>>> print(open('target.txt').read())   # compact mmCIF, C-alpha atoms
# COMPACT_ATOMS: atom_id res chain seq x y z
CA MET T 1 -1.85 9.23 -52.25
CA GLY T 2 -3.69 6.03 -51.32
CA SER T 3 -6.17 3.94 -53.28
CA ARG T 4 -9.86 4.80 -53.04
CA HIS T 5 -12.60 2.25 -52.34
CA GLU T 6 -16.35 2.28 -52.04
CA LEU T 7 -17.83 2.10 -48.54
CA PRO T 8 -21.57 1.35 -48.58
CA LYS T 9 -23.50 3.68 -46.27
CA GLY T 10 -23.65 2.20 -42.77
CA ALA T 11 -21.10 -0.52 -43.55
CA ARG T 12 -18.59 -1.53 -40.89
CA LEU T 13 -14.89 -1.17 -41.70
CA ARG T 14 -13.07 -4.33 -40.62
CA VAL T 15 -9.25 -4.38 -40.50
CA LEU T 16 -7.10 -7.42 -39.76
CA THR T 17 -3.34 -7.10 -39.43
CA ILE T 18 -0.67 -9.25 -37.82
CA SER T 19 1.65 -6.38 -36.93
CA GLY T 20 2.47 -2.82 -37.84
CA ARG T 21 0.77 0.47 -37.16
CA VAL T 22 -2.89 0.94 -38.04
CA ASN T 23 -4.08 4.51 -38.32
CA VAL T 24 -7.78 5.14 -39.01
CA ILE T 25 -8.76 8.75 -39.67
CA ALA T 26 -12.40 9.86 -39.77
CA GLU T 27 -12.99 12.90 -41.97
CA GLU T 28 -15.52 14.54 -44.31
CA ARG T 29 -15.71 12.04 -47.18
CA ASN T 30 -17.94 9.21 -48.48
CA ASP T 31 -15.40 6.56 -49.42
CA LEU T 32 -12.28 4.86 -48.06
CA GLU T 33 -8.74 5.85 -48.87
CA VAL T 34 -6.10 3.24 -48.08
CA ASP T 35 -2.36 3.81 -47.93
CA PRO T 36 -0.30 1.87 -49.05
CA PRO T 37 -2.48 1.74 -52.16
CA ASP T 38 -1.89 -1.92 -53.11
CA LYS T 39 -4.16 -3.27 -50.35
CA ARG T 40 -7.39 -4.99 -51.41
CA VAL T 41 -10.65 -4.04 -49.74
CA LYS T 42 -13.22 -6.84 -49.90
CA LEU T 43 -16.89 -5.97 -49.66
CA ASP T 44 -19.11 -8.44 -47.84
CA GLY T 45 -22.51 -7.36 -49.09
CA ASP T 46 -23.42 -3.88 -47.93
CA HIS T 47 -22.44 -4.57 -44.35
CA VAL T 48 -18.67 -4.97 -44.15
CA ALA T 49 -15.62 -3.63 -45.97
CA GLU T 50 -12.70 -5.86 -44.97
CA LEU T 51 -9.03 -5.11 -45.32
CA LYS T 52 -6.37 -7.72 -44.48
CA SER T 53 -2.67 -7.05 -44.14
CA ARG T 54 0.26 -9.01 -42.77
CA SER T 55 2.79 -6.59 -41.39
CA SER T 56 2.80 -3.18 -42.99
CA ASN T 57 1.80 0.19 -41.63
CA LEU T 58 -1.70 1.13 -42.75
CA THR T 59 -3.44 4.47 -42.95
CA ILE T 60 -7.16 4.37 -43.70
CA ARG T 61 -9.26 7.48 -44.17
CA CYS T 62 -13.01 6.93 -43.76
CA PRO T 63 -16.23 8.92 -43.35
CA ILE T 64 -17.08 10.48 -39.97
CA GLY T 65 -19.19 8.11 -37.89
CA THR T 66 -17.89 4.91 -39.52
CA ASN T 67 -18.23 1.77 -37.40
CA VAL T 68 -14.83 0.06 -37.12
CA SER T 69 -13.63 -3.42 -36.10
CA ILE T 70 -9.90 -4.10 -35.83
CA GLY T 71 -8.05 -7.31 -35.00
CA THR T 72 -4.27 -7.25 -34.56
CA VAL T 73 -1.56 -9.26 -32.85
CA SER T 74 1.02 -6.54 -32.25
CA GLY T 75 1.88 -3.01 -33.34
CA HIS T 76 -0.15 0.07 -32.55
CA VAL T 77 -3.71 1.13 -33.32
CA LYS T 78 -4.64 4.79 -33.54
CA LEU T 79 -8.11 6.09 -34.44
CA GLU T 80 -8.47 9.80 -35.06
CA GLY T 81 -11.55 11.96 -35.50
CA SER T 82 -15.14 11.05 -34.67
CA LEU T 83 -16.02 7.41 -35.36
CA GLY T 84 -19.09 5.23 -34.70
CA SER T 85 -19.08 2.00 -32.73
CA ILE T 86 -15.64 0.50 -32.20
CA LYS T 87 -14.60 -3.12 -31.62
CA ILE T 88 -10.90 -3.85 -31.21
CA SER T 89 -9.13 -6.97 -30.04
CA THR T 90 -5.37 -7.29 -29.91
CA ILE T 91 -2.68 -9.28 -28.16
CA SER T 92 -0.10 -6.61 -27.44
CA SER T 93 -0.97 -3.48 -29.41
CA GLY T 94 -1.55 -0.20 -27.69
CA VAL T 95 -4.84 1.45 -28.67
CA GLU T 96 -5.56 5.19 -28.93
CA LEU T 97 -9.04 6.43 -29.82
CA ASP T 98 -10.12 10.07 -30.22
CA THR T 99 -13.90 9.98 -30.19
CA SER T 100 -16.59 7.36 -30.60
CA SER T 101 -20.22 8.36 -30.87
CA GLY T 102 -21.33 4.75 -30.37
CA ASP T 103 -20.49 1.83 -28.10
CA ILE T 104 -16.95 0.53 -27.80
CA ASP T 105 -15.49 -2.86 -26.92
CA ILE T 106 -11.70 -2.85 -26.75
CA ARG T 107 -9.71 -5.75 -25.33
CA THR T 108 -5.98 -6.35 -25.24
CA ILE T 109 -3.76 -8.72 -23.32
CA SER T 110 -0.72 -6.54 -22.72
CA GLY T 111 -1.32 -3.28 -24.54
CA SER T 112 -2.61 -0.06 -23.04
CA ILE T 113 -5.93 1.58 -23.98
CA ASN T 114 -6.46 5.32 -24.19
CA VAL T 115 -9.87 6.68 -25.21
CA ALA T 116 -10.45 10.44 -25.26
CA ARG T 117 -14.26 10.35 -25.44
CA CYS T 118 -17.01 7.77 -25.81
CA GLY T 119 -20.63 8.78 -26.36
CA GLY T 120 -22.06 5.29 -25.81
CA SER T 121 -21.21 2.47 -23.46
CA CYS T 122 -17.66 1.21 -22.91
CA LYS T 123 -16.33 -2.30 -22.42
CA LEU T 124 -12.58 -2.25 -21.92
CA GLY T 125 -10.25 -5.01 -20.82
CA SER T 126 -6.52 -5.55 -20.48
CA LYS T 127 -4.49 -8.11 -18.60
CA SER T 128 -1.45 -5.97 -17.88
CA GLY T 129 -1.89 -2.72 -19.74
CA SER T 130 -3.33 0.45 -18.29
CA ILE T 131 -6.73 1.78 -19.34
CA ARG T 132 -7.72 5.43 -19.52
CA VAL T 133 -11.04 6.67 -20.86
CA GLY T 134 -12.57 10.13 -20.82
CA GLY T 135 -16.03 11.62 -21.24
CA VAL T 136 -18.09 8.42 -21.21
CA GLY T 137 -21.78 9.04 -21.86
CA GLY T 138 -23.05 5.52 -21.11
CA ASP T 139 -22.17 2.57 -18.92
CA VAL T 140 -18.54 1.66 -18.30
CA ARG T 141 -17.32 -1.85 -17.62
CA ALA T 142 -13.54 -2.14 -17.41
CA SER T 143 -11.16 -4.70 -15.99
CA THR T 144 -7.44 -5.25 -15.67
CA ILE T 145 -5.28 -7.67 -13.74
CA SER T 146 -2.19 -5.62 -13.03
CA GLY T 147 -2.74 -2.39 -14.93
CA SER T 148 -4.44 0.76 -13.69
CA LEU T 149 -7.90 2.11 -14.58
CA ASP T 150 -8.71 5.79 -15.03
CA VAL T 151 -12.29 6.59 -16.04
CA GLU T 152 -13.99 9.94 -16.55
CA THR T 153 -17.76 9.54 -16.65
CA LEU T 154 -20.47 12.07 -17.42
CA GLY T 155 -22.50 10.39 -14.68
CA ARG T 156 -25.28 9.06 -16.89
CA GLY T 157 -24.53 5.35 -16.65
CA GLU T 158 -23.20 2.74 -14.26
CA VAL T 159 -19.44 2.42 -13.77
CA SER T 160 -18.22 -1.10 -12.97
CA LEU T 161 -14.49 -1.64 -12.51
CA LYS T 162 -12.32 -4.60 -11.56
CA ALA T 163 -8.58 -4.35 -10.96
CA VAL T 164 -6.73 -7.15 -9.20
CA SER T 165 -3.74 -5.15 -8.03
CA GLY T 166 -3.79 -1.92 -10.02
CA SER T 167 -5.34 1.34 -8.91
CA MET T 168 -8.76 2.58 -10.03
CA ARG T 169 -9.68 6.23 -10.40
CA VAL T 170 -13.10 7.55 -11.40
CA ARG T 171 -13.57 11.19 -12.27
CA ILE T 172 -17.14 12.51 -12.15
CA PRO T 173 -18.79 15.84 -13.07
CA HIS T 174 -18.97 18.52 -10.39
CA GLY T 175 -22.20 18.29 -8.40
CA LYS T 176 -23.00 14.67 -9.22
CA ARG T 177 -23.58 12.36 -6.25
CA PRO T 178 -22.78 8.75 -7.03
CA ARG T 179 -23.46 5.67 -4.95
CA VAL T 180 -20.04 4.10 -4.46
CA ARG T 181 -19.64 0.41 -3.61
CA MET T 182 -16.28 -1.30 -3.31
CA LYS T 183 -15.38 -4.92 -2.62
CA THR T 184 -11.74 -5.47 -1.84
CA LEU T 185 -9.53 -7.74 0.22
CA SER T 186 -6.88 -5.21 1.15
CA GLY T 187 -7.37 -2.19 -1.10
CA SER T 188 -8.81 1.12 0.03
CA VAL T 189 -11.64 3.33 -1.17
CA LYS T 190 -11.70 7.09 -1.10
CA CYS T 191 -14.54 9.31 -2.32
CA ASP T 192 -13.91 13.04 -2.49
CA CYS T 193 -17.53 13.87 -3.33
CA GLU T 194 -20.83 13.60 -1.53
CA GLN T 195 -22.54 10.29 -2.14
CA GLY T 196 -26.12 9.95 -3.32
CA SER T 197 -28.15 8.09 -5.92
CA ASP T 198 -27.39 9.87 -9.20
CA PHE T 199 -25.58 6.81 -10.59
CA GLU T 200 -23.63 3.82 -9.35
CA ILE T 201 -19.89 3.19 -9.16
CA LYS T 202 -18.91 -0.40 -8.38
CA GLY T 203 -15.29 -1.33 -7.76
CA GLY T 204 -13.70 -4.68 -7.07
CA SER T 205 -10.11 -5.55 -6.28
CA ILE T 206 -7.79 -7.86 -4.43
CA SER T 207 -5.31 -5.18 -3.40
CA GLY T 208 -6.04 -2.27 -5.72
CA SER T 209 -7.56 0.96 -4.43
CA LEU T 210 -10.48 3.04 -5.72
CA HIS T 211 -10.46 6.81 -5.73
CA VAL T 212 -13.54 8.78 -6.80
CA THR T 213 -12.92 12.43 -7.48
CA GLU T 214 -14.51 15.38 -9.30
CA SER T 215 -13.18 16.15 -12.79
CA MET I 1 -4.25 -15.42 -44.39
CA SER I 2 -6.27 -18.62 -44.61
CA ARG I 3 -5.36 -22.20 -45.43
CA SER I 4 -7.19 -25.50 -45.19
CA ARG I 5 -6.66 -27.62 -42.11
CA THR I 6 -7.42 -31.31 -41.87
CA ALA I 7 -8.68 -32.80 -38.61
CA SER I 8 -7.19 -36.05 -37.37
CA PRO I 9 -9.13 -39.20 -38.38
CA ASP I 10 -9.68 -39.82 -34.66
CA ALA I 11 -11.07 -36.32 -34.07
CA VAL I 12 -14.39 -35.86 -32.30
CA GLN I 13 -16.81 -32.94 -32.45
CA GLY I 14 -17.67 -30.95 -29.40
CA THR I 15 -17.07 -27.86 -27.29
CA ILE I 16 -13.87 -27.12 -25.40
CA ILE I 17 -14.12 -24.66 -22.51
CA PHE I 18 -11.26 -23.12 -20.59
CA THR I 19 -11.78 -21.27 -17.32
CA ASP I 20 -9.29 -18.99 -15.61
CA LEU I 21 -9.55 -17.60 -12.10
CA ALA I 22 -8.40 -13.98 -12.41
CA GLY I 23 -6.21 -12.66 -9.62
CA PHE I 24 -5.60 -16.05 -8.04
CA THR I 25 -1.87 -15.43 -7.56
CA GLU I 26 -2.58 -12.11 -5.84
CA PHE I 27 -5.36 -13.70 -3.75
CA THR I 28 -2.93 -16.42 -2.57
CA ASP I 29 -0.37 -13.76 -1.72
CA GLU I 30 -2.97 -11.80 0.30
CA ARG I 31 -4.77 -14.62 2.08
CA GLY I 32 -2.33 -17.54 2.09
CA ASP I 33 -2.39 -21.08 0.74
CA GLU I 34 -5.21 -22.37 2.93
CA ALA I 35 -7.65 -19.70 1.78
CA ALA I 36 -6.52 -20.23 -1.81
CA LEU I 37 -7.27 -23.95 -1.56
CA ARG I 38 -10.69 -23.11 -0.12
CA LEU I 39 -11.38 -20.82 -3.07
CA LEU I 40 -10.35 -23.50 -5.57
CA ALA I 41 -12.42 -26.13 -3.80
CA LEU I 42 -15.48 -23.86 -3.93
CA LYS I 43 -14.94 -23.19 -7.62
CA ASP I 44 -14.48 -26.90 -8.43
CA LYS I 45 -17.60 -27.82 -6.43
CA LEU I 46 -19.70 -25.25 -8.34
CA VAL I 47 -18.32 -26.52 -11.65
CA ARG I 48 -19.09 -30.16 -10.86
CA GLU I 49 -22.61 -29.32 -9.66
CA THR I 50 -23.33 -27.11 -12.67
CA ILE I 51 -22.09 -29.34 -15.49
CA GLY I 52 -23.55 -32.54 -13.98
CA ASP I 53 -23.43 -35.32 -16.54
CA ARG I 54 -23.77 -32.96 -19.51
CA GLY I 55 -20.01 -32.49 -19.72
CA ARG I 56 -16.81 -33.35 -17.89
CA ILE I 57 -13.71 -31.80 -16.40
CA VAL I 58 -10.88 -32.81 -18.72
CA LYS I 59 -8.10 -31.51 -16.53
CA ASN I 60 -7.18 -29.16 -13.76
CA LEU I 61 -4.80 -26.35 -14.75
CA GLY I 62 -3.94 -24.86 -11.37
CA ASP I 63 -6.30 -21.89 -11.18
CA GLY I 64 -8.11 -22.95 -14.34
CA LEU I 65 -9.99 -25.89 -15.79
CA MET I 66 -10.45 -27.47 -19.19
CA LEU I 67 -13.99 -28.75 -19.76
CA TRP I 68 -15.57 -30.83 -22.55
CA PHE I 69 -19.15 -30.93 -23.80
CA GLU I 70 -20.43 -32.94 -26.76
CA ASN I 71 -23.49 -30.73 -27.08
CA ALA I 72 -22.85 -27.07 -27.91
CA CYS I 73 -26.07 -25.83 -26.25
CA ASP I 74 -25.19 -27.66 -23.04
CA ALA I 75 -21.78 -26.00 -23.11
CA ILE I 76 -23.17 -22.47 -23.47
CA ASP I 77 -25.86 -23.06 -20.87
CA ALA I 78 -23.33 -24.47 -18.40
CA ALA I 79 -20.85 -21.63 -18.98
CA LEU I 80 -23.51 -18.97 -18.35
CA ARG I 81 -24.86 -20.80 -15.29
CA LEU I 82 -21.30 -21.03 -13.96
CA GLN I 83 -20.84 -17.27 -14.22
CA ASP I 84 -24.16 -16.75 -12.39
CA GLN I 85 -23.04 -19.14 -9.65
CA PHE I 86 -19.64 -17.48 -9.33
CA GLU I 87 -21.26 -14.05 -9.05
CA ASP I 88 -23.76 -15.25 -6.46
CA GLU I 89 -21.02 -16.83 -4.32
CA SER I 90 -18.80 -13.76 -4.61
CA SER I 91 -21.64 -11.51 -3.48
CA VAL I 92 -22.30 -13.69 -0.44
CA ASP I 93 -18.68 -13.80 0.73
CA ASP I 94 -16.44 -10.79 0.04
CA ASP I 95 -13.41 -12.86 0.98
CA LEU I 96 -13.89 -15.31 -1.90
CA PRO I 97 -13.71 -13.36 -5.16
CA LEU I 98 -14.62 -15.84 -7.90
CA TRP I 99 -13.65 -13.68 -10.86
CA VAL I 100 -13.61 -16.29 -13.55
CA ARG I 101 -12.92 -15.79 -17.23
CA ILE I 102 -14.46 -18.35 -19.59
CA GLY I 103 -13.51 -19.04 -23.22
CA ALA I 104 -15.25 -21.63 -25.40
CA HIS I 105 -14.86 -23.02 -28.92
CA TYR I 106 -16.62 -25.68 -30.99
CA GLY I 107 -14.35 -27.85 -33.09
CA GLN I 108 -12.79 -31.21 -33.73
CA PRO I 109 -10.08 -31.98 -31.19
CA THR I 110 -8.36 -35.34 -31.07
CA PRO I 111 -8.75 -37.45 -27.92
CA ARG I 112 -5.55 -38.57 -26.22
CA GLY I 113 -6.50 -40.75 -23.28
CA ASP I 114 -8.88 -38.60 -21.22
CA ASP I 115 -7.31 -35.46 -22.68
CA PHE I 116 -7.72 -33.67 -26.00
CA PHE I 117 -5.22 -31.94 -28.21
CA GLY I 118 -5.09 -30.16 -31.55
CA HIS I 119 -5.73 -26.82 -33.20
CA ASP I 120 -9.20 -26.36 -31.72
CA VAL I 121 -7.90 -26.84 -28.18
CA ASN I 122 -5.32 -24.12 -28.87
CA VAL I 123 -8.03 -21.78 -30.17
CA ALA I 124 -10.18 -22.29 -27.07
CA HIS I 125 -7.17 -21.61 -24.86
CA ARG I 126 -6.41 -18.36 -26.70
CA ILE I 127 -10.03 -17.20 -26.38
CA VAL I 128 -10.01 -17.30 -22.58
CA GLU I 129 -6.99 -14.97 -22.58
CA LEU I 130 -9.19 -12.25 -24.12
CA ALA I 131 -12.19 -12.80 -21.86
CA ALA I 132 -12.93 -10.41 -19.01
CA PRO I 133 -13.69 -11.62 -15.48
CA GLY I 134 -17.33 -12.70 -15.35
CA GLU I 135 -17.56 -13.01 -19.12
CA VAL I 136 -18.26 -15.93 -21.45
CA LEU I 137 -16.40 -15.37 -24.71
CA VAL I 138 -17.04 -17.84 -27.52
CA SER I 139 -15.84 -18.47 -31.05
CA GLY I 140 -17.98 -17.88 -34.11
CA ALA I 141 -17.95 -21.64 -34.68
CA LEU I 142 -19.68 -22.21 -31.36
CA ALA I 143 -22.13 -19.33 -31.78
CA GLU I 144 -23.01 -20.69 -35.23
CA LYS I 145 -23.46 -24.23 -33.91
CA VAL I 146 -25.86 -23.02 -31.22
CA GLY I 147 -27.68 -20.79 -33.70
CA ASP I 148 -31.22 -20.05 -32.52
CA SER I 149 -31.45 -23.15 -30.31
CA LEU I 150 -31.15 -21.08 -27.12
CA PRO I 151 -33.48 -18.11 -27.67
CA GLU I 152 -32.67 -16.66 -24.25
CA VAL I 153 -28.97 -16.40 -25.15
CA THR I 154 -27.60 -13.46 -27.11
CA PHE I 155 -24.28 -13.48 -28.96
CA ASP I 156 -22.79 -10.02 -29.20
CA GLU I 157 -20.05 -9.77 -31.81
CA VAL I 158 -16.70 -8.68 -30.38
CA GLY I 159 -15.06 -8.71 -33.77
CA PRO I 160 -12.54 -10.71 -35.72
CA THR I 161 -9.53 -11.59 -33.63
CA LEU I 162 -6.03 -12.61 -34.52
CA MET I 163 -4.40 -14.86 -31.95
CA LYS I 164 -0.79 -15.66 -31.31
CA GLY I 165 0.17 -18.85 -33.15
CA ILE I 166 -3.23 -19.15 -34.87
CA ARG I 167 -3.02 -18.28 -38.55
CA ASP I 168 -6.66 -17.56 -39.36
CA PRO I 169 -8.74 -14.82 -37.72
CA VAL I 170 -11.25 -16.11 -35.18
CA PRO I 171 -14.57 -14.28 -34.91
CA LEU I 172 -15.45 -13.81 -31.25
CA TYR I 173 -18.78 -13.27 -29.51
CA ARG I 174 -19.75 -12.41 -25.96
CA ALA I 175 -22.52 -14.75 -24.83
CA TYR I 176 -25.07 -13.56 -22.29
CA ARG I 177 -28.65 -14.16 -21.31
CA ALA I 178 -31.03 -11.43 -22.45
CA GLU I 179 -32.60 -9.85 -19.37
>>> encode(input="target.txt", output="structure tokens")
Amino acid sequence: MGSRHELPKGARLRVLTISGRVNVIAEERNDLEVDPPDKRVKLDGDHVAELKSRSSNLTIRCPIGTNVSIGTVSGHVKLEGSLGSIKISTISSGVELDTSSGDIDIRTISGSINVARCGGSCKLGSKSGSIRVGGVGGDVRASTISGSLDVETLGRGEVSLKAVSGSMRVRIPHGKRPRVRMKTLSGSVKCDCEQGSDFEIKGGSISGSLHVTES
Amino acid sequence: MSRSRTASPDAVQGTIIFTDLAGFTEFTDERGDEAALRLLALKDKLVRETIGDRGRIVKNLGDGLMLWFENACDAIDAALRLQDQFEDESSVDDDLPLWVRIGAHYGQPTPRGDDFFGHDVNVAHRIVELAAPGEVLVSGALAEKVGDSLPEVTFDEVGPTLMKGIRDPVPLYRAYRAE
């Protein structure tokens, strides 16, 4: 059983940890529950509830739709359930996110990013980790130097991808006709669907390839 | 997680910018040394033209640069203009991909000859590692210093960030011009 803390309505949950596993679970509730229970949650007005930890594993239960910011150096970040807008920056942590109903900005240097569904717009970046995101309702802007990119879009926003040497794959809904543009030095582009003007897919690479396919 | 830090008595206030040309190693591998030198020369020319006498190139770091500006607004304006220039050049010539990441921080580094060193230089260098190609990522200290002085510039909070070797969290913002 963790300790329970007030979370003002609409406040952003901010978590800072050096290392360890961070697990945020969105569920039907109005407050925060933090495990281990000895952690202090500092309220900054009605806007932010901040939790700092050095190197322990953290489990935080919060209301559905909570906006979350997380900063870590290493470890692993897992967000379960349906959350609001998400901002995560990390050096080497892997990031897993179930569902965000808002916009997300996740950046890591060497970790991988895996997002099951994002209702808003997505900004994702990794230097060497792979990035995979599904069911994006808004714009997608993702970049990686040596990792791969795998994006599933609902075809409602622009998709802009940059991968220096990794591969890029965009999955689109059946029947959608995107306009595909690719700038590459030696990579290839392949589009399995008919092109049109429903939305735009822009790819850029040095040697990476772009493959557009139906979901 | 926080502790007080004292700047050197010789420290000066200003903005440190680091740039990094993403994919330069792969570009050199694909196109060869001559093309790589041409890409670097183009980038350096655009930087010199853009910063003018508002700032200076502190040093060349291979595929990156360290820049210095005394005025925080000049630094932000130059960084955003640089990204515009890089994008324009890249769209004109597909063979010269200027995918540049820019990180900037306002602080009190200590001069050492023409160079600077100290905690704030380290912070600026860490920021560029988290920037995406085409992006200007800045510290909260720089965003705060600029404040409302550049109404056309928006600072979008990325969140608090912990950086390797830097004890205190650094709030980061993505700077861009409102369209």
>>> residues_around(input="target.txt", residues="Val128 (chain I)", least_positions_apart="3", cutoff="6 Å", atoms="all atoms listed in the file", output="number ranges by chain")
I: 102-103, 125, 131
>>> closest_residue(input="target.txt", among="T:Ser19, T:Thr90, T:Thr184, T:Ser165", to="Val170 (chain I)", atoms="only C-alpha atoms")
T:Thr90
>>> interface_residues(input="target.txt", of="chain I", to="chain T", cutoff="7 Å", atoms="only C-alpha atoms", output="ChimeraX atom specification")
/I:23,26-27,94-95,130,132,158-164
>>> atom_distance(input="target.txt", atom1="CA of Gly20 (chain T)", atom2="CA of Val151 (chain T)")
28.0 Å
>>> residues_around(input="target.txt", residues="Gly81 (chain T)", least_positions_apart="3", cutoff="7 Å", atoms="all atoms listed in the file", output="PDB file with C-alpha atoms, in the frame of the given file")
ATOM      1  CA  ILE T  25      -8.760   8.750 -39.670  1.00  0.00           C
ATOM      2  CA  ALA T  26     -12.400   9.860 -39.770  1.00  0.00           C
ATOM      3  CA  GLU T  27     -12.990  12.900 -41.970  1.00  0.00           C
ATOM      4  CA  ASP T  98     -10.120  10.070 -30.220  1.00  0.00           C
ATOM      5  CA  THR T  99     -13.900   9.980 -30.190  1.00  0.00           C
TER       6      THR T  99
END
>>> closest_residue(input="target.txt", among="I:Asn122, I:Thr25, I:Ile76, I:Arg112", to="Arg167 (chain I)", atoms="only C-alpha atoms")
I:Asn122
>>> residues_around(input="target.txt", residues="region 144-156 of chain I", least_positions_apart="3", cutoff="8 Å", atoms="only C-alpha atoms", output="list in words")
Ala72, Cys73, Tyr106, Gly140, Ala141, Tyr173, Arg174, Ala175, Tyr176, Arg177 and Ala178 of chain I
>>> residues_around(input="target.txt", residues="Gly134 (chain T)", least_positions_apart="2", cutoff="9 Å", atoms="all atoms listed in the file", output="ChimeraX atom specification")
/T:114-118,132,136,150-154,171
>>> atom_distance(input="target.txt", atom1="CA of Gly45 (chain T)", atom2="CA of Pro171 (chain I)")
17.7 Å
>>> residues_around(input="target.txt", residues="Ser121 (chain T)", least_positions_apart="5", cutoff="8 Å", atoms="all atoms listed in the file", output="list in words")
Gly102, Asp103, Ile104, Val136, Gly137, Gly138, Asp139 and Val140 of chain T
>>> write_last_selection(input="target.txt", atoms="C-alpha atoms", output="mmCIF file, in the frame of the given file")
data_model
loop_
_atom_site.group_PDB
_atom_site.id
_atom_site.type_symbol
_atom_site.label_atom_id
_atom_site.label_comp_id
_atom_site.auth_asym_id
_atom_site.auth_seq_id
_atom_site.Cartn_x
_atom_site.Cartn_y
_atom_site.Cartn_z
ATOM 1 C CA GLY T 102 -21.330 4.750 -30.370
ATOM 2 C CA ASP T 103 -20.490 1.830 -28.100
ATOM 3 C CA ILE T 104 -16.950 0.530 -27.800
ATOM 4 C CA VAL T 136 -18.090 8.420 -21.210
ATOM 5 C CA GLY T 137 -21.780 9.040 -21.860
ATOM 6 C CA GLY T 138 -23.050 5.520 -21.110
ATOM 7 C CA ASP T 139 -22.170 2.570 -18.920
ATOM 8 C CA VAL T 140 -18.540 1.660 -18.300
#
>>> atom_distance(input="target.txt", atom1="CA of Thr50 (chain I)", atom2="CA of Leu80 (chain I)")
9.9 Å
>>> closest_residue(input="target.txt", among="T:Pro8, T:Pro37, T:Gly94, T:Gly157", to="Asp198 (chain T)", atoms="all atoms listed in the file")
T:Gly157
>>> residues_near_point(input="target.txt", point="(-23.2, 4.3, -4.0)", cutoff="6 Å", atoms="all atoms listed in the file", output="list in words")
Pro178, Arg179, Val180, Arg181 and Glu200 of chain T
>>> closest_residue(input="target.txt", among="I:Ile17, I:Ala75, I:Ala7, I:Val12", to="Pro111 (chain I)", atoms="all atoms listed in the file")
I:Val12
>>> closest_residue(input="target.txt", among="T:Val22, T:Leu58, T:Ala11, T:Val77", to="Gly111 (chain T)", atoms="only C-alpha atoms")
T:Val77
>>> closest_residue(input="target.txt", among="I:Asp53, I:Asp120, I:Glu157, I:Asp84", to="Phe18 (chain I)", atoms="all atoms listed in the file")
I:Asp120
